[in-house]
>>> print(open('my_file-v8.cif').read())   # mmCIF, C-alpha atoms
data_entry
#
loop_
_atom_site.label_atom_id
_atom_site.label_comp_id
_atom_site.auth_asym_id
_atom_site.auth_seq_id
_atom_site.Cartn_x
_atom_site.Cartn_y
_atom_site.Cartn_z
CA MET A 1 -50.23 -91.19 5.98
CA ASN A 2 -51.21 -89.55 2.67
CA THR A 3 -49.28 -86.29 2.39
CA LEU A 4 -50.31 -83.70 -0.21
CA TYR A 5 -47.90 -81.00 -1.37
CA LEU A 6 -49.48 -78.05 -3.21
CA GLU A 7 -47.08 -76.03 -5.33
CA CYS A 8 -48.78 -72.64 -5.71
CA TYR A 9 -46.39 -70.81 -8.04
CA SER A 10 -49.39 -69.61 -10.05
CA GLY A 11 -51.57 -69.02 -7.01
CA ILE A 12 -54.63 -71.06 -6.09
CA SER A 13 -58.35 -70.99 -6.81
CA GLY A 14 -61.25 -73.35 -6.24
CA ASP A 15 -61.46 -74.77 -9.76
CA MET A 16 -57.68 -75.18 -9.99
CA THR A 17 -57.67 -77.20 -6.76
CA VAL A 18 -60.52 -79.48 -7.84
CA ALA A 19 -58.84 -80.13 -11.21
CA ALA A 20 -55.47 -80.90 -9.61
CA LEU A 21 -57.05 -83.36 -7.16
CA LEU A 22 -58.99 -85.09 -9.95
CA ASP A 23 -55.78 -85.37 -11.97
CA LEU A 24 -54.11 -86.75 -8.85
CA GLY A 25 -56.57 -89.64 -8.77
CA ALA A 26 -59.73 -88.53 -6.94
CA ASP A 27 -62.68 -90.63 -8.12
CA GLN A 28 -64.76 -88.66 -10.63
CA THR A 29 -67.79 -90.90 -10.08
CA VAL A 30 -67.75 -90.21 -6.33
CA LEU A 31 -67.61 -86.47 -7.04
CA GLU A 32 -70.49 -86.63 -9.52
CA LYS A 33 -72.72 -88.48 -7.05
CA ALA A 34 -71.93 -85.96 -4.32
CA LEU A 35 -72.76 -82.99 -6.58
CA GLN A 36 -75.98 -84.63 -7.74
CA SER A 37 -77.13 -84.68 -4.12
CA LEU A 38 -76.80 -80.90 -3.64
CA PRO A 39 -80.17 -79.20 -2.96
CA ILE A 40 -79.45 -76.50 -5.56
CA ASP A 41 -80.00 -76.32 -9.30
CA GLY A 42 -78.76 -74.40 -12.30
CA PHE A 43 -75.39 -75.99 -12.97
CA SER A 44 -73.53 -78.84 -14.63
CA ILE A 45 -69.83 -79.67 -14.64
CA LYS A 46 -67.33 -80.33 -17.40
CA ILE A 47 -64.05 -82.15 -16.76
CA SER A 48 -61.59 -81.95 -19.63
CA HIS A 49 -57.90 -81.50 -20.45
CA VAL A 50 -56.33 -78.33 -21.81
CA LYS A 51 -52.85 -77.31 -22.93
CA LYS A 52 -50.92 -74.90 -20.73
CA SER A 53 -47.38 -74.08 -21.89
CA GLY A 54 -47.42 -77.36 -23.79
CA LEU A 55 -48.44 -79.39 -20.72
CA ASP A 56 -51.53 -81.60 -20.50
CA VAL A 57 -53.52 -80.10 -17.62
CA CYS A 58 -56.88 -81.08 -16.10
CA ASP A 59 -59.65 -78.46 -16.22
CA PHE A 60 -62.72 -78.41 -13.95
CA HIS A 61 -65.47 -76.13 -15.22
CA VAL A 62 -68.79 -75.35 -13.55
CA ILE A 63 -71.32 -74.47 -16.26
CA LEU A 64 -74.06 -72.18 -14.99
CA ASP A 65 -77.45 -71.14 -16.33
CA ARG A 66 -78.41 -67.51 -16.78
CA ASP A 67 -79.71 -67.09 -13.25
CA ASN A 68 -76.48 -68.43 -11.75
CA HIS A 69 -73.87 -66.60 -13.77
CA ASP A 70 -70.34 -66.34 -12.44
CA HIS A 71 -70.29 -62.99 -10.63
CA ASP A 72 -66.53 -63.01 -10.18
CA MET A 73 -65.78 -63.50 -13.87
CA GLU A 74 -68.52 -61.04 -14.90
CA TYR A 75 -66.96 -58.20 -12.96
CA LEU A 76 -63.43 -59.25 -13.85
CA HIS A 77 -64.17 -59.55 -17.57
CA PRO A 78 -67.25 -57.45 -18.48
CA HIS A 79 -68.90 -58.23 -21.85
CA THR A 80 -66.49 -61.04 -22.73
CA ASP A 81 -66.33 -64.78 -22.41
CA HIS A 82 -64.65 -66.26 -19.34
CA HIS A 83 -61.40 -67.10 -21.08
CA THR A 84 -60.42 -63.51 -21.92
CA ASP A 85 -58.65 -61.36 -19.37
CA LEU A 86 -59.33 -57.64 -19.90
CA SER A 87 -57.17 -56.69 -16.94
CA HIS A 88 -54.15 -57.85 -18.94
CA PRO A 89 -52.39 -55.81 -21.67
CA LYS A 90 -54.32 -56.09 -24.96
CA ASP A 91 -51.29 -57.09 -27.00
CA LEU A 92 -50.69 -60.21 -24.90
CA LYS A 93 -51.02 -63.36 -27.01
CA PRO A 94 -52.91 -66.21 -25.29
CA ASP A 95 -50.99 -69.46 -24.99
CA ASP A 96 -52.42 -72.75 -26.21
CA SER A 97 -54.69 -73.00 -23.19
CA CYS A 98 -57.76 -72.90 -25.43
CA THR A 99 -56.85 -76.21 -27.08
CA GLN A 100 -59.08 -78.69 -25.30
CA ILE A 101 -59.56 -82.44 -25.21
CA SER A 102 -63.08 -82.32 -23.83
CA THR A 103 -65.78 -84.52 -22.46
CA ASP A 104 -69.41 -83.51 -22.77
CA PRO A 105 -70.77 -81.51 -19.84
CA LEU A 106 -72.27 -83.72 -17.15
CA PRO A 107 -75.90 -82.62 -16.57
CA LEU A 108 -76.11 -82.96 -12.82
CA HIS A 109 -79.37 -81.15 -12.08
CA THR A 110 -82.89 -81.09 -13.43
CA GLY A 111 -84.06 -78.93 -10.54
CA HIS A 112 -84.22 -79.01 -6.74
CA THR A 113 -84.91 -75.65 -5.22
CA HIS A 114 -85.17 -72.16 -6.61
CA THR A 115 -81.70 -70.64 -6.85
CA HIS A 116 -81.07 -67.24 -5.31
CA THR A 117 -77.90 -65.23 -5.79
CA HIS A 118 -77.17 -63.91 -2.32
CA ARG A 119 -76.83 -66.44 0.49
CA SER A 120 -75.98 -66.20 4.16
CA LEU A 121 -73.47 -68.54 5.73
CA SER A 122 -76.31 -70.46 7.38
CA ASP A 123 -77.90 -70.98 3.94
CA ILE A 124 -74.68 -72.45 2.60
CA LEU A 125 -74.05 -74.64 5.65
CA SER A 126 -77.59 -75.99 5.28
CA ILE A 127 -76.78 -76.96 1.68
CA ILE A 128 -73.69 -78.81 2.89
CA GLN A 129 -75.51 -80.64 5.69
CA ASN A 130 -78.34 -81.74 3.37
CA ALA A 131 -75.97 -83.13 0.73
CA SER A 132 -74.95 -86.77 0.53
CA LEU A 133 -71.36 -86.36 1.75
CA THR A 134 -69.23 -88.15 4.31
CA ASP A 135 -68.99 -86.51 7.73
CA HIS A 136 -65.37 -85.60 7.06
CA ALA A 137 -66.21 -83.94 3.73
CA LYS A 138 -69.03 -81.96 5.39
CA GLN A 139 -66.70 -80.79 8.17
CA LEU A 140 -64.04 -79.71 5.68
CA ALA A 141 -66.48 -77.83 3.42
CA THR A 142 -67.95 -76.12 6.50
CA LYS A 143 -64.48 -75.12 7.67
CA ILE A 144 -63.57 -73.59 4.29
CA PHE A 145 -66.80 -71.58 4.07
CA THR A 146 -66.46 -70.38 7.66
CA ILE A 147 -62.93 -69.09 6.99
CA LEU A 148 -64.20 -67.39 3.84
CA GLY A 149 -67.18 -65.90 5.69
CA GLU A 150 -64.99 -64.47 8.46
CA ALA A 151 -62.70 -62.84 5.88
CA GLU A 152 -65.59 -61.33 3.89
CA ALA A 153 -67.30 -60.11 7.07
CA LYS A 154 -64.12 -58.35 8.19
CA ALA A 155 -63.60 -56.82 4.74
CA HIS A 156 -67.14 -55.41 4.66
CA GLY A 157 -67.30 -54.39 8.32
CA THR A 158 -70.09 -56.73 9.36
CA SER A 159 -70.57 -59.88 11.44
CA LEU A 160 -70.31 -63.47 10.33
CA GLU A 161 -74.04 -63.94 10.92
CA GLN A 162 -74.97 -60.87 8.87
CA VAL A 163 -72.61 -61.23 5.92
CA HIS A 164 -74.33 -62.20 2.68
CA PHE A 165 -72.12 -63.78 0.09
CA HIS A 166 -72.08 -62.41 -3.43
CA GLU A 167 -69.33 -63.97 -5.54
CA VAL A 168 -68.75 -66.44 -2.69
CA GLY A 169 -72.40 -67.43 -2.49
CA ALA A 170 -72.71 -68.05 -6.23
CA VAL A 171 -73.37 -71.62 -7.25
CA ASP A 172 -69.95 -72.08 -8.89
CA SER A 173 -68.13 -71.29 -5.64
CA ILE A 174 -70.36 -73.62 -3.64
CA VAL A 175 -69.67 -76.40 -6.15
CA ASP A 176 -65.91 -75.70 -6.15
CA ILE A 177 -65.57 -75.82 -2.36
CA ILE A 178 -67.72 -78.90 -1.88
CA SER A 179 -65.82 -80.60 -4.72
CA VAL A 180 -62.49 -79.88 -3.01
CA ALA A 181 -63.80 -81.38 0.24
CA VAL A 182 -65.11 -84.49 -1.54
CA CYS A 183 -61.87 -85.05 -3.49
CA LEU A 184 -59.62 -84.62 -0.43
CA ASP A 185 -61.81 -87.03 1.51
CA ASN A 186 -61.77 -89.53 -1.36
CA LEU A 187 -57.96 -89.40 -1.52
CA SER A 188 -57.76 -89.87 2.29
CA ILE A 189 -55.42 -86.87 2.60
CA THR A 190 -54.27 -86.46 6.22
CA ASN A 191 -51.37 -84.03 5.84
CA VAL A 192 -51.16 -80.96 3.55
CA ILE A 193 -47.96 -79.00 2.94
CA ILE A 194 -48.23 -75.48 1.47
CA PRO A 195 -44.95 -73.58 1.99
CA GLN A 196 -46.27 -70.28 0.57
CA LEU A 197 -48.63 -68.66 -1.91
CA TRP A 198 -47.53 -66.67 -4.96
CA GLU A 199 -49.66 -63.66 -5.94
CA GLY A 200 -49.72 -61.18 -8.80
CA CYS A 201 -49.90 -57.41 -8.54
CA GLY A 202 -52.01 -54.50 -9.79
CA THR A 203 -55.77 -54.11 -9.46
CA ILE A 204 -58.87 -56.12 -10.33
CA HIS A 205 -62.52 -55.39 -11.10
CA CYS A 206 -65.06 -56.89 -8.69
CA GLN A 207 -68.67 -56.31 -7.69
CA HIS A 208 -67.72 -53.43 -5.39
CA GLY A 209 -65.44 -51.66 -7.87
CA ILE A 210 -61.68 -51.75 -8.43
CA LEU A 211 -59.65 -53.40 -5.67
CA PRO A 212 -55.90 -53.82 -5.13
CA ILE A 213 -54.29 -57.24 -5.47
CA PRO A 214 -54.27 -59.21 -3.22
CA VAL A 215 -57.92 -58.37 -2.55
CA PRO A 216 -59.03 -57.61 1.04
CA ALA A 217 -60.60 -61.03 1.74
CA VAL A 218 -57.38 -62.77 0.67
CA VAL A 219 -55.28 -60.42 2.82
CA ASN A 220 -57.51 -61.11 5.84
CA ILE A 221 -57.13 -64.88 5.45
CA ILE A 222 -53.38 -64.76 4.90
CA GLN A 223 -52.92 -62.46 7.90
CA LYS A 224 -55.09 -64.51 10.26
CA TYR A 225 -53.64 -67.90 9.33
CA GLN A 226 -50.06 -66.66 8.89
CA ILE A 227 -49.55 -68.02 5.37
CA PRO A 228 -46.31 -66.76 3.76
CA LEU A 229 -46.98 -64.68 0.64
CA GLN A 230 -44.70 -63.95 -2.32
CA ILE A 231 -45.72 -61.04 -4.58
CA THR A 232 -44.59 -61.43 -8.21
CA HIS A 233 -44.19 -58.83 -10.96
CA VAL A 234 -47.00 -60.32 -13.07
CA GLN A 235 -50.18 -58.25 -13.39
CA GLY A 236 -53.25 -60.19 -12.27
CA GLU A 237 -54.98 -62.00 -9.41
CA PHE A 238 -53.45 -65.44 -8.77
CA VAL A 239 -54.99 -66.11 -5.34
CA THR A 240 -58.78 -65.91 -5.13
CA PRO A 241 -60.62 -65.65 -1.79
CA THR A 242 -61.91 -69.19 -2.30
CA GLY A 243 -58.39 -70.43 -3.01
CA ALA A 244 -56.98 -68.68 0.05
CA ALA A 245 -59.74 -70.15 2.26
CA ILE A 246 -59.02 -73.65 0.93
CA ALA A 247 -55.30 -73.24 1.64
CA ALA A 248 -55.96 -71.97 5.18
CA ALA A 249 -58.41 -74.78 5.93
CA ILE A 250 -56.32 -77.72 4.75
CA ARG A 251 -52.74 -76.53 5.38
CA ASN A 252 -51.23 -78.15 8.48
CA ASN A 253 -47.57 -78.03 7.52
CA GLU A 254 -45.38 -75.47 5.78
CA GLN A 255 -42.10 -77.36 5.60
CA LEU A 256 -41.26 -80.01 3.01
CA PRO A 257 -39.16 -82.96 4.19
CA GLU A 258 -35.48 -82.67 3.29
CA GLN A 259 -35.91 -85.73 1.09
CA PHE A 260 -39.10 -87.27 -0.22
CA GLN A 261 -40.45 -89.51 -2.95
CA ILE A 262 -43.16 -88.37 -5.36
CA GLN A 263 -45.90 -90.97 -5.64
CA ARG A 264 -48.38 -89.16 -7.91
CA ILE A 265 -48.70 -85.78 -9.65
CA GLY A 266 -51.81 -83.81 -10.60
CA LEU A 267 -52.03 -80.58 -12.62
CA GLY A 268 -55.01 -78.22 -12.36
CA ALA A 269 -55.73 -75.44 -14.85
CA GLY A 270 -56.80 -71.89 -14.06
CA LYS A 271 -59.27 -70.04 -16.33
CA ARG A 272 -57.62 -66.62 -16.49
CA ILE A 273 -54.94 -65.89 -19.04
CA TYR A 274 -51.99 -63.96 -17.70
CA GLU A 275 -48.36 -63.67 -18.66
CA GLN A 276 -47.69 -66.66 -16.42
CA PRO A 277 -49.76 -69.81 -17.17
CA GLY A 278 -52.19 -70.70 -14.40
CA ILE A 279 -51.25 -74.19 -13.21
CA LEU A 280 -51.61 -75.65 -9.72
CA ARG A 281 -49.38 -78.68 -9.22
CA ALA A 282 -50.40 -81.22 -6.57
CA MET A 283 -48.16 -84.07 -5.46
CA LEU A 284 -48.69 -87.05 -3.22
CA ILE A 285 -45.35 -87.49 -1.49
CA ALA A 286 -43.79 -89.88 1.00
CA PRO A 287 -40.64 -89.41 3.11
CA CYS A 288 -37.62 -91.40 2.04
CA CYS A 289 -36.86 -94.50 4.08
CA SER A 290 -35.28 -93.66 7.42
CA THR A 291 -33.77 -95.82 10.13
CA GLU A 292 -34.95 -93.44 12.85
CA THR A 293 -38.56 -94.61 13.03
CA GLU A 294 -40.98 -96.91 11.27
CA TYR A 295 -43.89 -94.56 11.92
CA ASP A 296 -45.15 -91.46 10.15
CA ALA A 297 -44.32 -88.13 11.72
CA ASP A 298 -45.94 -84.71 11.71
CA VAL A 299 -46.35 -81.61 13.87
CA ILE A 300 -49.22 -80.82 16.22
CA TYR A 301 -49.80 -77.83 18.52
CA LYS A 302 -51.02 -77.92 22.11
CA LEU A 303 -52.94 -75.08 23.73
CA GLU A 304 -53.01 -75.20 27.53
CA THR A 305 -54.51 -73.08 30.29
CA ASN A 306 -55.36 -73.41 34.01
CA LEU A 307 -58.85 -72.48 35.23
CA ASP A 308 -59.66 -72.15 38.93
CA ASP A 309 -63.10 -70.51 38.62
CA CYS A 310 -64.91 -72.62 35.99
CA THR A 311 -67.63 -75.17 36.68
CA GLY A 312 -67.72 -78.67 35.25
CA GLU A 313 -70.66 -77.67 33.04
CA MET A 314 -68.62 -74.79 31.63
CA MET A 315 -65.74 -77.15 30.83
CA GLY A 316 -68.09 -79.54 29.07
CA SER A 317 -69.53 -76.73 26.98
CA VAL A 318 -66.15 -75.38 25.86
CA MET A 319 -64.97 -78.91 25.01
CA GLU A 320 -67.95 -79.38 22.69
CA ARG A 321 -67.38 -76.01 20.99
CA LEU A 322 -63.67 -76.68 20.49
CA MET A 323 -64.29 -80.07 18.89
CA GLN A 324 -66.91 -78.59 16.55
CA ALA A 325 -64.42 -75.87 15.56
CA GLY A 326 -61.80 -78.37 14.40
CA ALA A 327 -59.71 -79.31 17.45
CA ARG A 328 -58.02 -82.69 17.04
CA ASP A 329 -58.55 -83.54 20.70
CA VAL A 330 -59.65 -81.81 23.91
CA HIS A 331 -59.26 -82.97 27.49
CA TYR A 332 -59.12 -81.44 30.95
CA LEU A 333 -57.92 -82.78 34.26
CA PRO A 334 -58.19 -81.68 37.90
CA VAL A 335 -55.18 -79.85 39.36
CA TYR A 336 -54.38 -77.85 42.48
CA MET A 337 -53.07 -74.30 42.08
CA LYS A 338 -51.58 -71.77 44.49
CA LYS A 339 -53.25 -71.45 47.88
CA ASN A 340 -54.39 -75.05 47.30
CA ARG A 341 -57.27 -73.95 45.07
CA PRO A 342 -58.87 -76.82 43.06
CA ALA A 343 -58.82 -76.11 39.34
CA TYR A 344 -58.89 -77.61 35.86
CA GLN A 345 -56.08 -77.74 33.30
CA LEU A 346 -57.55 -77.51 29.77
CA ASN A 347 -55.51 -79.08 26.94
CA VAL A 348 -56.33 -78.70 23.24
CA LEU A 349 -54.50 -80.43 20.38
CA CYS A 350 -54.87 -78.72 17.00
CA GLU A 351 -53.28 -77.81 13.68
CA LYS A 352 -51.40 -74.55 13.33
CA SER A 353 -54.06 -73.09 11.04
CA ASP A 354 -56.71 -73.56 13.76
CA ILE A 355 -54.82 -71.91 16.65
CA SER A 356 -56.31 -68.44 16.31
CA ARG A 357 -59.91 -69.63 16.05
CA LEU A 358 -59.60 -72.08 18.96
CA GLU A 359 -57.90 -69.53 21.22
CA GLN A 360 -60.75 -67.13 20.54
CA ILE A 361 -63.22 -69.80 21.72
CA ILE A 362 -61.19 -70.48 24.87
CA PHE A 363 -60.98 -66.78 25.74
CA SER A 364 -64.68 -66.14 25.11
CA GLN A 365 -66.08 -69.33 26.69
CA THR A 366 -63.91 -69.58 29.81
CA THR A 367 -62.48 -67.24 32.44
CA THR A 368 -58.84 -67.62 31.37
CA ILE A 369 -56.63 -64.60 30.75
CA GLY A 370 -53.73 -66.50 29.17
CA ILE A 371 -53.10 -69.53 26.97
CA ARG A 372 -49.81 -71.41 26.58
CA ARG A 373 -48.79 -72.73 23.15
CA GLN A 374 -46.46 -75.62 22.43
CA ARG A 375 -45.28 -77.01 19.10
CA MET A 376 -44.95 -80.78 19.35
CA GLU A 377 -43.48 -83.33 16.96
CA ARG A 378 -45.17 -86.71 17.09
CA SER A 379 -45.01 -90.21 15.63
CA ILE A 380 -48.31 -91.55 14.36
CA LEU A 381 -49.55 -94.78 12.88
CA PRO A 382 -50.68 -94.67 9.24
CA ARG A 383 -54.45 -94.28 9.28
CA LYS A 384 -57.36 -93.73 6.94
CA THR A 385 -61.12 -93.27 7.18
CA GLU A 386 -63.37 -95.52 5.12
CA THR A 387 -67.06 -96.11 4.62
CA LEU A 388 -68.18 -99.73 5.09
CA ASN A 389 -71.53 -101.17 4.03
CA THR A 390 -72.97 -103.29 6.87
CA ILE A 391 -76.34 -104.83 7.72
CA TYR A 392 -77.04 -101.59 9.61
CA GLY A 393 -76.19 -99.39 6.61
CA ASN A 394 -73.07 -97.38 5.81
CA ILE A 395 -70.76 -96.66 8.75
CA GLN A 396 -67.52 -94.68 9.08
CA VAL A 397 -64.48 -96.54 10.40
CA LYS A 398 -60.88 -95.56 11.14
CA ILE A 399 -58.24 -98.07 10.04
CA CYS A 400 -54.70 -97.94 11.46
CA GLU A 401 -51.78 -100.15 10.44
CA ILE A 402 -48.95 -101.41 12.65
CA GLU A 403 -46.44 -104.17 11.90
CA SER A 404 -48.47 -105.48 8.96
CA CYS A 405 -51.60 -105.66 11.13
CA LYS A 406 -54.77 -103.58 11.02
CA ARG A 407 -56.64 -101.95 13.88
CA ILE A 408 -60.21 -100.99 13.08
CA TYR A 409 -62.29 -98.53 15.06
CA PRO A 410 -65.97 -97.78 14.25
CA GLU A 411 -66.50 -94.04 14.55
CA TYR A 412 -68.50 -92.92 17.58
CA GLU A 413 -71.09 -91.02 15.52
CA SER A 414 -71.89 -94.13 13.43
CA VAL A 415 -72.30 -96.29 16.55
CA ILE A 416 -74.61 -93.76 18.22
CA GLN A 417 -76.73 -93.44 15.07
CA ILE A 418 -77.26 -97.22 14.94
CA CYS A 419 -78.04 -97.34 18.67
CA GLN A 420 -80.76 -94.75 18.11
CA GLN A 421 -82.17 -96.66 15.15
CA THR A 422 -82.17 -100.12 16.77
CA GLY A 423 -82.53 -99.36 20.48
CA GLN A 424 -79.48 -101.52 21.23
CA ALA A 425 -77.00 -100.64 23.95
CA PHE A 426 -73.72 -99.00 22.96
CA PRO A 427 -71.39 -101.86 24.08
CA GLU A 428 -73.42 -104.48 22.21
CA THR A 429 -73.64 -102.35 19.04
CA TYR A 430 -69.94 -101.53 19.11
CA ARG A 431 -68.99 -105.21 19.51
CA LYS A 432 -71.19 -106.28 16.59
CA LEU A 433 -69.85 -103.52 14.34
CA LEU A 434 -66.28 -104.39 15.26
CA GLU A 435 -66.84 -108.02 14.24
CA LEU A 436 -68.40 -106.95 10.93
CA CYS A 437 -65.55 -104.51 10.23
CA TYR A 438 -62.80 -107.07 10.76
CA LYS A 439 -64.60 -109.59 8.54
CA GLN A 440 -64.76 -107.05 5.70
CA CYS A 441 -61.32 -105.49 6.05
CA LEU A 442 -59.06 -108.49 6.79
#
>>> encode(input="my_file-v8.cif", output="structure tokens")
Amino acid sequence: MNTLYLECYSGISGDMTVAALLDLGADQTVLEKALQSLPIDGFSIKISHVKKSGLDVCDFHVILDRDNHDHDMEYLHPHTDHHTDLSHPKDLKPDDSCTQISTDPLPLHTGHTHTHTHRSLSDILSIIQNASLTDHAKQLATKIFTILGEAEAKAHGTSLEQVHFHEVGAVDSIVDIISVAVCLDNLSITNVIIPQLWEGCGTIHCQHGILPIPVPAVVNIIQKYQIPLQITHVQGEFVTPTGAAIAAAIRNNEQLPEQFQIQRIGLGAGKRIYEQPGILRAMLIAPCCSTETEYDADVIYKLETNLDDCTGEMMGSVMERLMQAGARDVHYLPVYMKKNRPAYQLNVLCEKSDISRLEQIIFSQTTTIGIRRQRMERSILPRKTETLNTIYGNIQVKICEIESCKRIYPEYESVIQICQQTGQAFPETYRKLLELCYKQCL
């Protein structure tokens, strides 16, 4: 299992996360191809290295045209370039973060659709679905934007359907979030540890005026997903709404192992210049050898409730909604309750960060008045998701390893898609794909 540890001593933002993951080993070519497929125009990217406190740090920069200027940086730093922080004392000397070892900007777009500044969540989700991304990357990008949309809607007193993104809907934020999803998918990250977020203090300029730090959208995300927060004495915004949404979406563990080995390290640079250098450190870690078990271990949560007045159709509907919302698994089974009433017991397996959202679905889509929670430790086989090129086209497969052997499982969605294209029956298609997968992977 690939475990990512994000060390957020200088906070977290979208561009910092992308840079750290690229420095960690995410394939730049894969990212470029994914961004080229976006049905939006008006941007290019630049990947370079800068100096932060004497360290060589990766920098990911989205270069925008005039119509797609960076709203966040405009309001934060009016009438200046993006590397000057006017919210900081004027006598502060910048560090050597402006010394760059650069590559030329990568011109990703010659034009797709007309760019507009304000976008609804449905507009952004349409962009994600129409891009050439893996299913997992699409799901992750959708999850991040949904978390961000809920936080912005709450901050502005509107609904998720009615909120129109300003800074969030700008092209640079769309590119940052999709890039994070692509890089995490490329690295096959299955476990993310973020013990806490560090934030600055003071106020910040934004489109709606001067706001306290942390800004309302960040506070909403941290409160809903119960992310520990440490306020520092440094003036400035360390945690952006995009960064907080990324942390909430990918974080499924808050506790580092007592002992672990560091396999790889990536450093991502922030753009703003504060007293404390903006660096996000990402590490791929592995637990030290243990005699207790030969398997990986993590933590999962189970939500459980009994329903004695729901129909089978209602149970099928809530199962579908829960899976779409990020549940790891959903099942229900017939039980008998008091007075011998026939009923269903609904069980949902999920990550801690998804509990609140999934409970809301259960309460709104069923007749339950109470949900039981259980924290469960589990042993799991190392697994990864890969894309294989077959005679039927690209398919997604899950590969698990046990005792030096591989188990390969074609993903259900890929099998169904091929069945629809060829008219073949599911069992026959699955058998053929399984044979092709083992020939390629063994």
>>> atom_distance(input="my_file-v8.cif", atom1="CA of Leu55 in chain A", atom2="CA of Ile279 in chain A")
9.6 Å
>>> closest_residue(input="my_file-v8.cif", among="A:Gly157, A:Glu435, A:Ser10, A:Lys338", to="Ile273 in chain A", atoms="only C-alpha atoms")
A:Ser10
>>> atom_distance(input="my_file-v8.cif", atom1="CA of Gly209 in chain A", atom2="CA of Asp176 in chain A")
24.1 Å
>>> resolve_selection(input="my_file-v8.cif", expression="the PyMOL selection byres ((chain A and resi 345) around 12)", output="list in words")
Leu303, Glu304, Thr305, Asn306, Leu307, Asp308, Asp309, Cys310, Gly312, Met315, Val330, His331, Tyr332, Leu333, Pro334, Val335, Tyr336, Met337, Pro342, Ala343, Tyr344, Leu346, Asn347, Val348, Thr366, Thr368, Ile371 and Arg372 of chain A
>>> closest_residue(input="my_file-v8.cif", among="A:Ala269, A:Ala20, A:Val192, A:Ala249", to="Gln139 in chain A", atoms="only C-alpha atoms")
A:Ala249
>>> build_atoms(input="my_file-v8.cif", residues="range 243-247 of chain A", atoms="all heavy atoms", output="JSON list (two decimals), in the frame of the given file")
[["chain", "number", "residue", "atom", "x", "y", "z"],
["A", 243, "GLY", "N", -59.66, -69.72, -3.06],
["A", 243, "GLY", "CA", -58.39, -70.43, -3.01],
["A", 243, "GLY", "C", -57.66, -70.22, -1.71],
["A", 243, "GLY", "O", -57.09, -71.16, -1.13],
["A", 244, "ALA", "N", -57.65, -68.98, -1.22],
["A", 244, "ALA", "CA", -56.98, -68.68, 0.05],
["A", 244, "ALA", "C", -57.66, -69.41, 1.21],
["A", 244, "ALA", "O", -56.99, -69.93, 2.12],
["A", 244, "ALA", "CB", -56.98, -67.18, 0.30],
["A", 245, "ALA", "N", -59.00, -69.46, 1.19],
["A", 245, "ALA", "CA", -59.74, -70.15, 2.26],
["A", 245, "ALA", "C", -59.45, -71.65, 2.24],
["A", 245, "ALA", "O", -59.31, -72.28, 3.29],
["A", 245, "ALA", "CB", -61.24, -69.90, 2.11],
["A", 246, "ILE", "N", -59.36, -72.23, 1.04],
["A", 246, "ILE", "CA", -59.02, -73.65, 0.93],
["A", 246, "ILE", "C", -57.64, -73.91, 1.52],
["A", 246, "ILE", "O", -57.43, -74.84, 2.30],
["A", 246, "ILE", "CB", -59.09, -74.10, -0.54],
["A", 246, "ILE", "CG1", -60.54, -74.11, -1.03],
["A", 246, "ILE", "CG2", -58.46, -75.49, -0.72],
["A", 246, "ILE", "CD1", -60.68, -74.29, -2.53],
["A", 247, "ALA", "N", -56.67, -73.07, 1.13],
["A", 247, "ALA", "CA", -55.30, -73.24, 1.64],
["A", 247, "ALA", "C", -55.27, -73.14, 3.16],
["A", 247, "ALA", "O", -54.61, -73.94, 3.84],
["A", 247, "ALA", "CB", -54.39, -72.19, 1.00]]
